[in-house]
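First comes the structure, then the notes that go with it.
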Amino acid sequence: MRVLKSLFRFFIILLFVGLILGAIAAIGLYQHFAPTLPDVETLRDIKLQTPLKVLSADGKLIAEFGEKKRIPITYEKIPERFVHALQSAEDSRFFEHYGIDPLGLSRAAFELVSTGKIQSGGSTITMQVAKNFFLTRERTFERKFSEILLALKIEQSLSKEEIFELYVNKIYLGHRSYGIQSASNVYYGKNIDELTLAQLAMIAGLPKAPSAFNPITNPDRAIERRNWILGRMHSLSFITKDELDTALLAPVTAAYHSTEIELYAPYIAEMVRGELYDQYGEELYTDGFSVYTTLDSNMQTAANVAVRDGLINYVKRHGYQGAEKQHAIQGLSAMEVTSLLQNETAFAQLEPAIIVSVEEKSATAQRKNGELITLPWEGLRWAKAFKTVNYYGAMPKKASDVVTAGDLVRILDTGEFWELSQIPQVQGALIAMTPQTGAIRSLVGGFSFTHNKFNRAIQAHRQPGSNIKPFIYAAAMENGFTPASIINDAPIVLQDKGLDGNWRPENSSREFSGPTRLRVGLYKSRNLVSIRLLRSLGFEKGIEYLSRFGFDPERLPANLSLALGSADVTPLELVTGYAALANGGYKITPYFIERINDQYGETIFATKTPVVCPDCSTNNDNTEQSIAQRIMDQRTNFLLYSIMQDVIRRGTGTKAKALNRNDLAGKTGTTNEQKDAWFTGFNSKLVTTSWVGFDQPAPLGRSEFGGTAALPIWIDFMRAALADTPESPLPTPDGIVQVRIDPNTGMRASRNQSNAIFEYFKAEDTPRSGASERGQGSGKSTEEIF
């Protein structure tokens, strides 16, 4: 008995000494490692790597930039059942322990001994947060001890909810998804709060081994892991027996859901990325910004279709240039034919396909997915052979006149039938803007961003042709001319030091009308009238006036060719200038970023450009919003609007009458040799410009003008953009009167004159009966105006 007591006393002393030594060792280790531990307070301001999202004004996803898919979620938005599922899978006593769970470590050790594997894991969620945010993945004692110390510090600094939120937003869950919200989107196409109990348990099983327990690539192991978690949830009283039984029977419903682009607007997406990269650098792709653009999704969709169809129709007018490639397919299987298409890309819904057989009035083509489709005669008969932009071959009589087996071609689904098509060499652009604010509502920079990333809407400097004339006419009417002023539309030879030699400008029709009212000169786009107006004003005054509207004076020629649009402008500059014509005469600043939200949804930037406010007298330094500057007399603006309405009613833009609206005004534009075709038009709510041309300036063809190449695109867009919206003409301002005039002289008509017409005037500029209307206030003689 004495020996047993001695042994017992020895073991007690040994245990006591061991505890003391263990405590000394622990204190020593703590003192060794503590100074090297990071500051856990930084977790409060941690920035999770979250991609940049670009969205339309109405929240449609346009683009996502960034390597990692992550959608941070706050603890309050995490379903309680998922919290319980993750506890069951990773750390059942998470809300009870202080960062380290001795019971959990003991359970893990027991599982290892009894089954040869660990199901529940030995690390707590807090320890995993410490590892994921601060430590490497090396398996050493030093790293494990640091993990334990960090877990203790984290528990002292952060609440349980904050720790849990950090964990579920950081973890990798397969298929480039980081965090539970992103994983829910990737595997189920839903938000985490929309998932069933079985689906939540499936997500909760992923952190342990995202590849091994992946429900898409390893469904059998994934369902085994899920069912184990469900059983744990029941044993921990998180779910009932009925809920367990139902969830255990649920099939695997996971499938890969890619980030779905809801709105095709790649040119704007790239503009956003380029604009913000200079400010944020590489952090732009990881800081989780959501950039809301000014785009209206319906308008953008309409713009995409209008530009695509307009350019394809140009191709159809000029003829088919043949197959892109020729493949020898005789004897090849369907799979082998399909393999020939694998590296071919679709552009703007023009799919690649290979002709596999040709019949009398149809052809059979194989799509990239292996499907065989029929190209009926309706989809082939347009394809006369292209010769030049001015000539094409005879119309085909049978399908073999157009295609041959083995041809790599482009096909387009018209909604009624498949049509043979071709990637246009010609390009186009369209921009629509809210004239009161400068917000860009739609923007297309070319036929296909995938095919060619050059953004013609903002980067292409082209001559506007007659699209510039409204500004010359506005300058004239602000210097004494009226819509009834008579200007001679007659040949002229000019010696201009800014031009080489003698200049003999002509009208596009090469005809002359003689004395012409200013109104008629604009809506019929008479070049000689514009030149005489600018000569009367002086091109220095013309340049100064155009500069008010945002045109770069350095790119405005200091000679009379300015009157015919020989300047270099971008579509964006042109539509911005026209915005002032549409909003009553105010200068606005174009913009395409409405606001930027951080990853938590807080707005960190909002655009505040000057807005049109006719009732606001001056800018108020105490207001957040600045007021747009008036750059054009309101009455001059109305007179010009009235004349530009006639461009559509009876001038070069009459095709736009198909829209059956009385509030539209606009102007065509065509440059020398038809190298550029434009149409810009508006009502008081929306201003839009469309352009067509080759990237390397070349003739579009002798039948291609602003009214034939660009106007149809504008019409198709405006038909959709203004659908079901009331007419919104510019209001008639005070000081405008209507007077009956003689259409031949511009003078006030006699009482009984049968051919008299009404014309608008500023009240002080009304013509007197029997007096020659010379453009009062201009200081110019009749000879100079003529």
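For the structure tokens, the naming scheme is as follows: chains receive sequential letters (A, B, ...) according to their order of presentation, residues are indexed from 1 within each chain, and ligands are indexed from 1 in presentation order.
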Return as a PDB file with all heavy atoms, in the first residue's frame the full set of residues in segment 475-618 of chain A whose backbone-based DSSP assignment is strand (DSSP E).
ATOM      1  N   ILE A 486     -33.727  85.177 -98.552  1.00  0.00           N
ATOM      2  CA  ILE A 486     -33.443  84.636 -99.880  1.00  0.00           C
ATOM      3  C   ILE A 486     -31.932  84.587-100.101  1.00  0.00           C
ATOM      4  O   ILE A 486     -31.241  85.589 -99.957  1.00  0.00           O
ATOM      5  CB  ILE A 486     -34.114  85.482-100.975  1.00  0.00           C
ATOM      6  CG1 ILE A 486     -35.639  85.498-100.778  1.00  0.00           C
ATOM      7  CG2 ILE A 486     -33.751  84.954-102.349  1.00  0.00           C
ATOM      8  CD1 ILE A 486     -36.300  84.158-100.937  1.00  0.00           C
ATOM      9  N   ILE A 487     -31.441  83.405-100.453  1.00  0.00           N
ATOM     10  CA  ILE A 487     -30.027  83.202-100.769  1.00  0.00           C
ATOM     11  C   ILE A 487     -29.964  82.531-102.132  1.00  0.00           C
ATOM     12  O   ILE A 487     -30.770  81.645-102.434  1.00  0.00           O
ATOM     13  CB  ILE A 487     -29.323  82.327 -99.704  1.00  0.00           C
ATOM     14  CG1 ILE A 487     -29.448  82.954 -98.312  1.00  0.00           C
ATOM     15  CG2 ILE A 487     -27.841  82.142-100.042  1.00  0.00           C
ATOM     16  CD1 ILE A 487     -30.591  82.434 -97.516  1.00  0.00           C
ATOM     17  N   ASN A 488     -29.028  82.934-102.935  1.00  0.00           N
ATOM     18  CA  ASN A 488     -28.974  82.444-104.307  1.00  0.00           C
ATOM     19  C   ASN A 488     -28.299  81.071-104.374  1.00  0.00           C
ATOM     20  O   ASN A 488     -27.140  80.909-103.998  1.00  0.00           O
ATOM     21  CB  ASN A 488     -28.215  83.429-105.194  1.00  0.00           C
ATOM     22  CG  ASN A 488     -28.524  83.222-106.663  1.00  0.00           C
ATOM     23  OD1 ASN A 488     -29.383  82.433-107.008  1.00  0.00           O
ATOM     24  ND2 ASN A 488     -27.819  83.951-107.513  1.00  0.00           N
ATOM     25  N   ASP A 489     -29.046  80.094-104.853  1.00  0.00           N
ATOM     26  CA  ASP A 489     -28.499  78.755-105.094  1.00  0.00           C
ATOM     27  C   ASP A 489     -28.043  78.723-106.550  1.00  0.00           C
ATOM     28  O   ASP A 489     -28.766  78.302-107.443  1.00  0.00           O
ATOM     29  CB  ASP A 489     -29.568  77.699-104.835  1.00  0.00           C
ATOM     30  CG  ASP A 489     -29.069  76.295-105.120  1.00  0.00           C
ATOM     31  OD1 ASP A 489     -27.839  76.087-105.091  1.00  0.00           O
ATOM     32  OD2 ASP A 489     -29.911  75.411-105.388  1.00  0.00           O
ATOM     33  N   LEU A 494     -14.806  80.247-106.197  1.00  0.00           N
ATOM     34  CA  LEU A 494     -14.233  80.917-105.030  1.00  0.00           C
ATOM     35  C   LEU A 494     -12.724  80.785-105.039  1.00  0.00           C
ATOM     36  O   LEU A 494     -12.172  79.738-105.380  1.00  0.00           O
ATOM     37  CB  LEU A 494     -14.789  80.307-103.746  1.00  0.00           C
ATOM     38  CG  LEU A 494     -16.300  80.467-103.521  1.00  0.00           C
ATOM     39  CD1 LEU A 494     -16.744  79.607-102.354  1.00  0.00           C
ATOM     40  CD2 LEU A 494     -16.657  81.923-103.263  1.00  0.00           C
ATOM     41  N   GLN A 495     -12.088  81.872-104.661  1.00  0.00           N
ATOM     42  CA  GLN A 495     -10.648  81.864-104.413  1.00  0.00           C
ATOM     43  C   GLN A 495     -10.451  82.032-102.914  1.00  0.00           C
ATOM     44  O   GLN A 495     -10.611  83.116-102.374  1.00  0.00           O
ATOM     45  CB  GLN A 495      -9.951  82.982-105.184  1.00  0.00           C
ATOM     46  CG  GLN A 495      -9.936  82.781-106.692  1.00  0.00           C
ATOM     47  CD  GLN A 495      -9.192  83.883-107.413  1.00  0.00           C
ATOM     48  OE1 GLN A 495      -9.092  85.004-106.917  1.00  0.00           O
ATOM     49  NE2 GLN A 495      -8.664  83.573-108.594  1.00  0.00           N
ATOM     50  N   ASN A 502      -8.803  77.587-107.440  1.00  0.00           N
ATOM     51  CA  ASN A 502     -10.212  77.949-107.521  1.00  0.00           C
ATOM     52  C   ASN A 502     -11.081  76.778-107.075  1.00  0.00           C
ATOM     53  O   ASN A 502     -10.813  75.623-107.402  1.00  0.00           O
ATOM     54  CB  ASN A 502     -10.575  78.352-108.954  1.00  0.00           C
ATOM     55  CG  ASN A 502      -9.882  79.643-109.365  1.00  0.00           C
ATOM     56  OD1 ASN A 502      -9.514  80.462-108.507  1.00  0.00           O
ATOM     57  ND2 ASN A 502      -9.688  79.829-110.659  1.00  0.00           N
ATOM     58  N   TRP A 503     -12.152  77.120-106.351  1.00  0.00           N
ATOM     59  CA  TRP A 503     -13.051  76.094-105.818  1.00  0.00           C
ATOM     60  C   TRP A 503     -14.417  76.293-106.449  1.00  0.00           C
ATOM     61  O   TRP A 503     -15.005  77.373-106.368  1.00  0.00           O
ATOM     62  CB  TRP A 503     -13.111  76.212-104.293  1.00  0.00           C
ATOM     63  CG  TRP A 503     -13.941  75.144-103.644  1.00  0.00           C
ATOM     64  CD1 TRP A 503     -14.015  73.840-103.988  1.00  0.00           C
ATOM     65  CD2 TRP A 503     -14.810  75.320-102.504  1.00  0.00           C
ATOM     66  NE1 TRP A 503     -14.864  73.155-103.154  1.00  0.00           N
ATOM     67  CE2 TRP A 503     -15.368  74.051-102.230  1.00  0.00           C
ATOM     68  CE3 TRP A 503     -15.142  76.411-101.703  1.00  0.00           C
ATOM     69  CZ2 TRP A 503     -16.261  73.851-101.180  1.00  0.00           C
ATOM     70  CZ3 TRP A 503     -16.023  76.212-100.663  1.00  0.00           C
ATOM     71  CH2 TRP A 503     -16.581  74.952-100.395  1.00  0.00           C
ATOM     72  N   GLY A 514     -31.478  78.695-108.072  1.00  0.00           N
ATOM     73  CA  GLY A 514     -31.575  80.151-108.080  1.00  0.00           C
ATOM     74  C   GLY A 514     -31.952  80.676-106.706  1.00  0.00           C
ATOM     75  O   GLY A 514     -31.647  80.056-105.675  1.00  0.00           O
ATOM     76  N   PRO A 515     -32.623  81.834-106.629  1.00  0.00           N
ATOM     77  CA  PRO A 515     -33.000  82.413-105.335  1.00  0.00           C
ATOM     78  C   PRO A 515     -33.819  81.416-104.501  1.00  0.00           C
ATOM     79  O   PRO A 515     -34.846  80.908-104.964  1.00  0.00           O
ATOM     80  CB  PRO A 515     -33.819  83.635-105.720  1.00  0.00           C
ATOM     81  CG  PRO A 515     -33.312  84.001-107.075  1.00  0.00           C
ATOM     82  CD  PRO A 515     -32.999  82.708-107.747  1.00  0.00           C
ATOM     83  N   THR A 516     -33.349  81.148-103.309  1.00  0.00           N
ATOM     84  CA  THR A 516     -33.934  80.090-102.473  1.00  0.00           C
ATOM     85  C   THR A 516     -34.097  80.592-101.050  1.00  0.00           C
ATOM     86  O   THR A 516     -33.198  81.224-100.490  1.00  0.00           O
ATOM     87  CB  THR A 516     -33.000  78.852-102.467  1.00  0.00           C
ATOM     88  OG1 THR A 516     -32.820  78.402-103.808  1.00  0.00           O
ATOM     89  CG2 THR A 516     -33.572  77.724-101.633  1.00  0.00           C
ATOM     90  N   ARG A 517     -35.277  80.301-100.491  1.00  0.00           N
ATOM     91  CA  ARG A 517     -35.474  80.666 -99.090  1.00  0.00           C
ATOM     92  C   ARG A 517     -34.553  79.805 -98.199  1.00  0.00           C
ATOM     93  O   ARG A 517     -34.276  78.642 -98.500  1.00  0.00           O
ATOM     94  CB  ARG A 517     -36.923  80.435 -98.670  1.00  0.00           C
ATOM     95  CG  ARG A 517     -37.877  81.519 -99.150  1.00  0.00           C
ATOM     96  CD  ARG A 517     -39.296  81.260 -98.726  1.00  0.00           C
ATOM     97  NE  ARG A 517     -39.877  80.129 -99.449  1.00  0.00           N
ATOM     98  CZ  ARG A 517     -40.306  79.013 -98.888  1.00  0.00           C
ATOM     99  NH1 ARG A 517     -40.206  78.855 -97.564  1.00  0.00           N
ATOM    100  NH2 ARG A 517     -40.832  78.061 -99.613  1.00  0.00           N
ATOM    101  N   TYR A 586     -29.201  74.446 -74.968  1.00  0.00           N
ATOM    102  CA  TYR A 586     -28.305  74.370 -73.812  1.00  0.00           C
ATOM    103  C   TYR A 586     -27.156  73.398 -74.081  1.00  0.00           C
ATOM    104  O   TYR A 586     -27.349  72.355 -74.709  1.00  0.00           O
ATOM    105  CB  TYR A 586     -29.054  73.914 -72.563  1.00  0.00           C
ATOM    106  CG  TYR A 586     -30.121  74.865 -72.095  1.00  0.00           C
ATOM    107  CD1 TYR A 586     -31.416  74.777 -72.592  1.00  0.00           C
ATOM    108  CD2 TYR A 586     -29.838  75.852 -71.149  1.00  0.00           C
ATOM    109  CE1 TYR A 586     -32.409  75.649 -72.161  1.00  0.00           C
ATOM    110  CE2 TYR A 586     -30.821  76.725 -70.714  1.00  0.00           C
ATOM    111  CZ  TYR A 586     -32.106  76.625 -71.221  1.00  0.00           C
ATOM    112  OH  TYR A 586     -33.073  77.491 -70.798  1.00  0.00           O
ATOM    113  N   LYS A 587     -25.993  73.734 -73.575  1.00  0.00           N
ATOM    114  CA  LYS A 587     -24.832  72.873 -73.726  1.00  0.00           C
ATOM    115  C   LYS A 587     -24.818  71.831 -72.621  1.00  0.00           C
ATOM    116  O   LYS A 587     -24.873  72.158 -71.433  1.00  0.00           O
ATOM    117  CB  LYS A 587     -23.529  73.683 -73.684  1.00  0.00           C
ATOM    118  CG  LYS A 587     -22.287  72.831 -73.914  1.00  0.00           C
ATOM    119  CD  LYS A 587     -21.019  73.674 -73.942  1.00  0.00           C
ATOM    120  CE  LYS A 587     -19.795  72.817 -74.243  1.00  0.00           C
ATOM    121  NZ  LYS A 587     -18.559  73.617 -74.291  1.00  0.00           N
ATOM    122  N   ILE A 593     -21.556  56.814 -67.232  1.00  0.00           N
ATOM    123  CA  ILE A 593     -21.557  56.179 -65.912  1.00  0.00           C
ATOM    124  C   ILE A 593     -22.510  56.953 -65.008  1.00  0.00           C
ATOM    125  O   ILE A 593     -22.307  58.143 -64.753  1.00  0.00           O
ATOM    126  CB  ILE A 593     -20.146  56.147 -65.303  1.00  0.00           C
ATOM    127  CG1 ILE A 593     -19.226  55.258 -66.137  1.00  0.00           C
ATOM    128  CG2 ILE A 593     -20.196  55.645 -63.851  1.00  0.00           C
ATOM    129  CD1 ILE A 593     -17.781  55.244 -65.668  1.00  0.00           C
ATOM    130  N   GLU A 594     -23.558  56.273 -64.565  1.00  0.00           N
ATOM    131  CA  GLU A 594     -24.541  56.912 -63.681  1.00  0.00           C
ATOM    132  C   GLU A 594     -24.040  56.934 -62.249  1.00  0.00           C
ATOM    133  O   GLU A 594     -24.025  57.958 -61.591  1.00  0.00           O
ATOM    134  CB  GLU A 594     -25.867  56.153 -63.762  1.00  0.00           C
ATOM    135  CG  GLU A 594     -27.045  56.895 -63.125  1.00  0.00           C
ATOM    136  CD  GLU A 594     -27.481  58.089 -63.949  1.00  0.00           C
ATOM    137  OE1 GLU A 594     -27.826  57.928 -65.122  1.00  0.00           O
ATOM    138  OE2 GLU A 594     -27.451  59.202 -63.384  1.00  0.00           O
ATOM    139  N   ARG A 595     -23.603  55.755 -61.765  1.00  0.00           N
ATOM    140  CA  ARG A 595     -23.088  55.684 -60.389  1.00  0.00           C
ATOM    141  C   ARG A 595     -22.239  54.431 -60.243  1.00  0.00           C
ATOM    142  O   ARG A 595     -22.317  53.507 -61.068  1.00  0.00           O
ATOM    143  CB  ARG A 595     -24.233  55.669 -59.371  1.00  0.00           C
ATOM    144  CG  ARG A 595     -25.049  54.391 -59.349  1.00  0.00           C
ATOM    145  CD  ARG A 595     -26.184  54.472 -58.337  1.00  0.00           C
ATOM    146  NE  ARG A 595     -26.868  53.196 -58.166  1.00  0.00           N
ATOM    147  CZ  ARG A 595     -27.812  52.736 -58.959  1.00  0.00           C
ATOM    148  NH1 ARG A 595     -28.180  53.448 -60.017  1.00  0.00           N
ATOM    149  NH2 ARG A 595     -28.390  51.562 -58.711  1.00  0.00           N
ATOM    150  N   ILE A 596     -21.427  54.412 -59.184  1.00  0.00           N
ATOM    151  CA  ILE A 596     -20.605  53.252 -58.854  1.00  0.00           C
ATOM    152  C   ILE A 596     -20.922  52.844 -57.426  1.00  0.00           C
ATOM    153  O   ILE A 596     -20.864  53.669 -56.508  1.00  0.00           O
ATOM    154  CB  ILE A 596     -19.104  53.570 -58.990  1.00  0.00           C
ATOM    155  CG1 ILE A 596     -18.781  54.066 -60.403  1.00  0.00           C
ATOM    156  CG2 ILE A 596     -18.270  52.342 -58.652  1.00  0.00           C
ATOM    157  CD1 ILE A 596     -17.346  54.542 -60.566  1.00  0.00           C
ATOM    158  N   ASN A 597     -21.247  51.576 -57.240  1.00  0.00           N
ATOM    159  CA  ASN A 597     -21.479  51.031 -55.904  1.00  0.00           C
ATOM    160  C   ASN A 597     -20.315  50.143 -55.508  1.00  0.00           C
ATOM    161  O   ASN A 597     -19.711  49.471 -56.360  1.00  0.00           O
ATOM    162  CB  ASN A 597     -22.764  50.200 -55.864  1.00  0.00           C
ATOM    163  CG  ASN A 597     -24.013  51.054 -55.972  1.00  0.00           C
ATOM    164  OD1 ASN A 597     -23.932  52.284 -56.018  1.00  0.00           O
ATOM    165  ND2 ASN A 597     -25.163  50.421 -56.030  1.00  0.00           N
ATOM    166  N   THR A 603     -23.207  53.525 -52.586  1.00  0.00           N
ATOM    167  CA  THR A 603     -22.793  54.372 -53.706  1.00  0.00           C
ATOM    168  C   THR A 603     -21.565  55.182 -53.314  1.00  0.00           C
ATOM    169  O   THR A 603     -21.590  55.926 -52.334  1.00  0.00           O
ATOM    170  CB  THR A 603     -23.932  55.319 -54.125  1.00  0.00           C
ATOM    171  OG1 THR A 603     -25.050  54.525 -54.554  1.00  0.00           O
ATOM    172  CG2 THR A 603     -23.492  56.222 -55.270  1.00  0.00           C
ATOM    173  N   ILE A 604     -20.483  55.010 -54.089  1.00  0.00           N
ATOM    174  CA  ILE A 604     -19.247  55.734 -53.796  1.00  0.00           C
ATOM    175  C   ILE A 604     -18.980  56.824 -54.828  1.00  0.00           C
ATOM    176  O   ILE A 604     -18.073  57.633 -54.653  1.00  0.00           O
ATOM    177  CB  ILE A 604     -18.047  54.768 -53.726  1.00  0.00           C
ATOM    178  CG1 ILE A 604     -17.870  54.006 -55.047  1.00  0.00           C
ATOM    179  CG2 ILE A 604     -18.205  53.811 -52.561  1.00  0.00           C
ATOM    180  CD1 ILE A 604     -16.638  53.133 -55.096  1.00  0.00           C
ATOM    181  N   PHE A 605     -19.766  56.832 -55.911  1.00  0.00           N
ATOM    182  CA  PHE A 605     -19.630  57.881 -56.920  1.00  0.00           C
ATOM    183  C   PHE A 605     -20.940  57.998 -57.680  1.00  0.00           C
ATOM    184  O   PHE A 605     -21.587  57.002 -57.988  1.00  0.00           O
ATOM    185  CB  PHE A 605     -18.505  57.546 -57.906  1.00  0.00           C
ATOM    186  CG  PHE A 605     -18.459  58.476 -59.105  1.00  0.00           C
ATOM    187  CD1 PHE A 605     -17.854  59.720 -59.006  1.00  0.00           C
ATOM    188  CD2 PHE A 605     -19.046  58.108 -60.307  1.00  0.00           C
ATOM    189  CE1 PHE A 605     -17.835  60.578 -60.096  1.00  0.00           C
ATOM    190  CE2 PHE A 605     -19.023  58.951 -61.405  1.00  0.00           C
ATOM    191  CZ  PHE A 605     -18.418  60.199 -61.299  1.00  0.00           C
ATOM    192  N   ALA A 606     -21.333  59.232 -57.950  1.00  0.00           N
ATOM    193  CA  ALA A 606     -22.513  59.489 -58.782  1.00  0.00           C
ATOM    194  C   ALA A 606     -22.198  60.663 -59.690  1.00  0.00           C
ATOM    195  O   ALA A 606     -21.656  61.685 -59.234  1.00  0.00           O
ATOM    196  CB  ALA A 606     -23.742  59.783 -57.925  1.00  0.00           C
TER     197      ALA A 606
END
*Give me the residues within 10 Å of segment 67-77 of chain A as a ChimeraX atom specification, counting only C-alpha atoms and dropping any in the same chain fewer than 4 places off.*
/A:48-52,83,160-166,168-172,175-186,191-193,259,285-286,288,599-600
_With distances taken over only C-alpha atoms, which residue among A:Ala582, A:Ala265, A:Leu197, A:Ala460 lies nearest Pro251 of chain A?_
A:Leu197
*Quick one: everything within 12 Å of Thr732 of chain A, counting only C-alpha atoms, minus sequence neighbours fewer than 3 positions away in the same chain. Send it as JSON, numbers by chain.*
{"A": [584, 634, 635, 636, 637, 638, 639, 640, 641, 642, 728, 729, 735, 736, 737, 738, 760, 761, 762]}
Can you write out the residues you just picked, keeping C-alpha atoms, as a PDB file, in the first residue's frame?
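Saved file selection11.pdb follows:
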ATOM      1  CA  GLY A 584     -33.865  74.265 -76.453  1.00  0.00           C
ATOM      2  CA  GLN A 634     -34.389  79.931 -77.654  1.00  0.00           C
ATOM      3  CA  ARG A 635     -36.251  81.472 -80.563  1.00  0.00           C
ATOM      4  CA  THR A 636     -33.459  80.657 -82.998  1.00  0.00           C
ATOM      5  CA  ASN A 637     -33.565  77.130 -81.646  1.00  0.00           C
ATOM      6  CA  PHE A 638     -37.281  76.847 -82.363  1.00  0.00           C
ATOM      7  CA  LEU A 639     -36.931  78.247 -85.889  1.00  0.00           C
ATOM      8  CA  LEU A 640     -34.182  75.736 -86.655  1.00  0.00           C
ATOM      9  CA  TYR A 641     -36.288  72.887 -85.215  1.00  0.00           C
ATOM     10  CA  SER A 642     -39.177  73.928 -87.450  1.00  0.00           C
ATOM     11  CA  SER A 728     -42.767  65.551 -77.520  1.00  0.00           C
ATOM     12  CA  PRO A 729     -42.115  68.495 -79.857  1.00  0.00           C
ATOM     13  CA  GLY A 735     -41.668  86.126 -79.276  1.00  0.00           C
ATOM     14  CA  ILE A 736     -42.342  83.783 -82.212  1.00  0.00           C
ATOM     15  CA  VAL A 737     -45.037  84.737 -84.707  1.00  0.00           C
ATOM     16  CA  GLN A 738     -46.392  83.245 -87.919  1.00  0.00           C
ATOM     17  CA  TYR A 760     -42.238  81.499 -88.440  1.00  0.00           C
ATOM     18  CA  PHE A 761     -40.311  84.624 -87.463  1.00  0.00           C
ATOM     19  CA  LYS A 762     -38.934  86.294 -84.427  1.00  0.00           C
TER      20      LYS A 762
END
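In this comparison, which uses only C-alpha atoms, the residue of A:His318, A:Arg519, A:Lys469, A:Arg532 approaching Gly577 of chain A most closely is A:Lys469.
Taking atom CA of Thr654 of chain A and atom CA of Arg548 of chain A as endpoints, the distance between them is 29.5 Å.
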Could you build a table of the residues in segment 626-742 of chain A lying no more than 12 Å from segment 609-612 of chain A, giving for each the nearest pair of atoms and their separation in Å rounded to one decimal place, using only C-alpha atoms, ordered by chain and ascending residue number, as a tab-separated table?
residue	atom	partner	partner_atom	distance
A:Ser626	CA	A:Pro610	CA	4.7
A:Ile627	CA	A:Pro610	CA	4.7
A:Ala628	CA	A:Pro610	CA	4.6
A:Gln629	CA	A:Val612	CA	7.9
A:Arg630	CA	A:Val612	CA	8.7
A:Ile631	CA	A:Val612	CA	11.6
A:Ser684	CA	A:Val612	CA	11.6
A:Lys685	CA	A:Val612	CA	11.8
Dump of N, CA and C atoms for the selected residues, as a PDB file, in the first residue's frame:
ATOM      1  N   SER A 626     -25.487  71.194 -61.025  1.00  0.00           N
ATOM      2  CA  SER A 626     -25.238  72.423 -61.763  1.00  0.00           C
ATOM      3  C   SER A 626     -26.186  72.511 -62.949  1.00  0.00           C
ATOM      4  N   ILE A 627     -26.408  73.720 -63.425  1.00  0.00           N
ATOM      5  CA  ILE A 627     -27.369  73.979 -64.483  1.00  0.00           C
ATOM      6  C   ILE A 627     -26.629  74.223 -65.796  1.00  0.00           C
ATOM      7  N   ALA A 628     -27.159  73.622 -66.859  1.00  0.00           N
ATOM      8  CA  ALA A 628     -26.532  73.750 -68.173  1.00  0.00           C
ATOM      9  C   ALA A 628     -26.581  75.201 -68.663  1.00  0.00           C
ATOM     10  N   GLN A 629     -25.542  75.563 -69.391  1.00  0.00           N
ATOM     11  CA  GLN A 629     -25.409  76.922 -69.920  1.00  0.00           C
ATOM     12  C   GLN A 629     -26.158  77.056 -71.240  1.00  0.00           C
ATOM     13  N   ARG A 630     -26.894  78.158 -71.382  1.00  0.00           N
ATOM     14  CA  ARG A 630     -27.559  78.414 -72.663  1.00  0.00           C
ATOM     15  C   ARG A 630     -26.525  78.900 -73.662  1.00  0.00           C
ATOM     16  N   ILE A 631     -26.495  78.271 -74.849  1.00  0.00           N
ATOM     17  CA  ILE A 631     -25.525  78.645 -75.878  1.00  0.00           C
ATOM     18  C   ILE A 631     -26.211  79.049 -77.175  1.00  0.00           C
ATOM     19  N   SER A 684     -37.804  66.296 -78.428  1.00  0.00           N
ATOM     20  CA  SER A 684     -37.297  66.967 -77.226  1.00  0.00           C
ATOM     21  C   SER A 684     -36.793  65.998 -76.160  1.00  0.00           C
ATOM     22  N   LYS A 685     -37.037  64.689 -76.351  1.00  0.00           N
ATOM     23  CA  LYS A 685     -36.669  63.709 -75.327  1.00  0.00           C
ATOM     24  C   LYS A 685     -35.491  62.822 -75.708  1.00  0.00           C
TER      25      LYS A 685
END
Please identify every residue of segment 253-352 of chain A that has at least one atom no farther than 10 Å from an atom of segment 713-721 of chain A, counting only C-alpha atoms, and for each give the shortest atom pair and the distance in Å to one decimal, arranged by chain then increasing number, as JSON lines.
{"residue": "A:Asp296", "atom": "CA", "partner": "A:Ala721", "partner_atom": "CA", "distance": 9.4}
{"residue": "A:Asn298", "atom": "CA", "partner": "A:Ala721", "partner_atom": "CA", "distance": 7.3}
{"residue": "A:Met299", "atom": "CA", "partner": "A:Ala721", "partner_atom": "CA", "distance": 5.3}
{"residue": "A:Gln300", "atom": "CA", "partner": "A:Ala721", "partner_atom": "CA", "distance": 8.9}
{"residue": "A:Thr301", "atom": "CA", "partner": "A:Phe717", "partner_atom": "CA", "distance": 9.1}
{"residue": "A:Ala302", "atom": "CA", "partner": "A:Phe717", "partner_atom": "CA", "distance": 5.5}
{"residue": "A:Ala303", "atom": "CA", "partner": "A:Phe717", "partner_atom": "CA", "distance": 5.5}
{"residue": "A:Asn304", "atom": "CA", "partner": "A:Phe717", "partner_atom": "CA", "distance": 8.7}
{"residue": "A:Val305", "atom": "CA", "partner": "A:Phe717", "partner_atom": "CA", "distance": 8.0}
{"residue": "A:Ala306", "atom": "CA", "partner": "A:Ile713", "partner_atom": "CA", "distance": 5.1}
{"residue": "A:Val307", "atom": "CA", "partner": "A:Ile713", "partner_atom": "CA", "distance": 5.9}
{"residue": "A:Arg308", "atom": "CA", "partner": "A:Ile713", "partner_atom": "CA", "distance": 8.7}
{"residue": "A:Asp309", "atom": "CA", "partner": "A:Ile713", "partner_atom": "CA", "distance": 7.7}
{"residue": "A:Gly310", "atom": "CA", "partner": "A:Ile713", "partner_atom": "CA", "distance": 5.3}
{"residue": "A:Leu311", "atom": "CA", "partner": "A:Ile713", "partner_atom": "CA", "distance": 8.5}
{"residue": "A:Asn313", "atom": "CA", "partner": "A:Ile713", "partner_atom": "CA", "distance": 9.9}
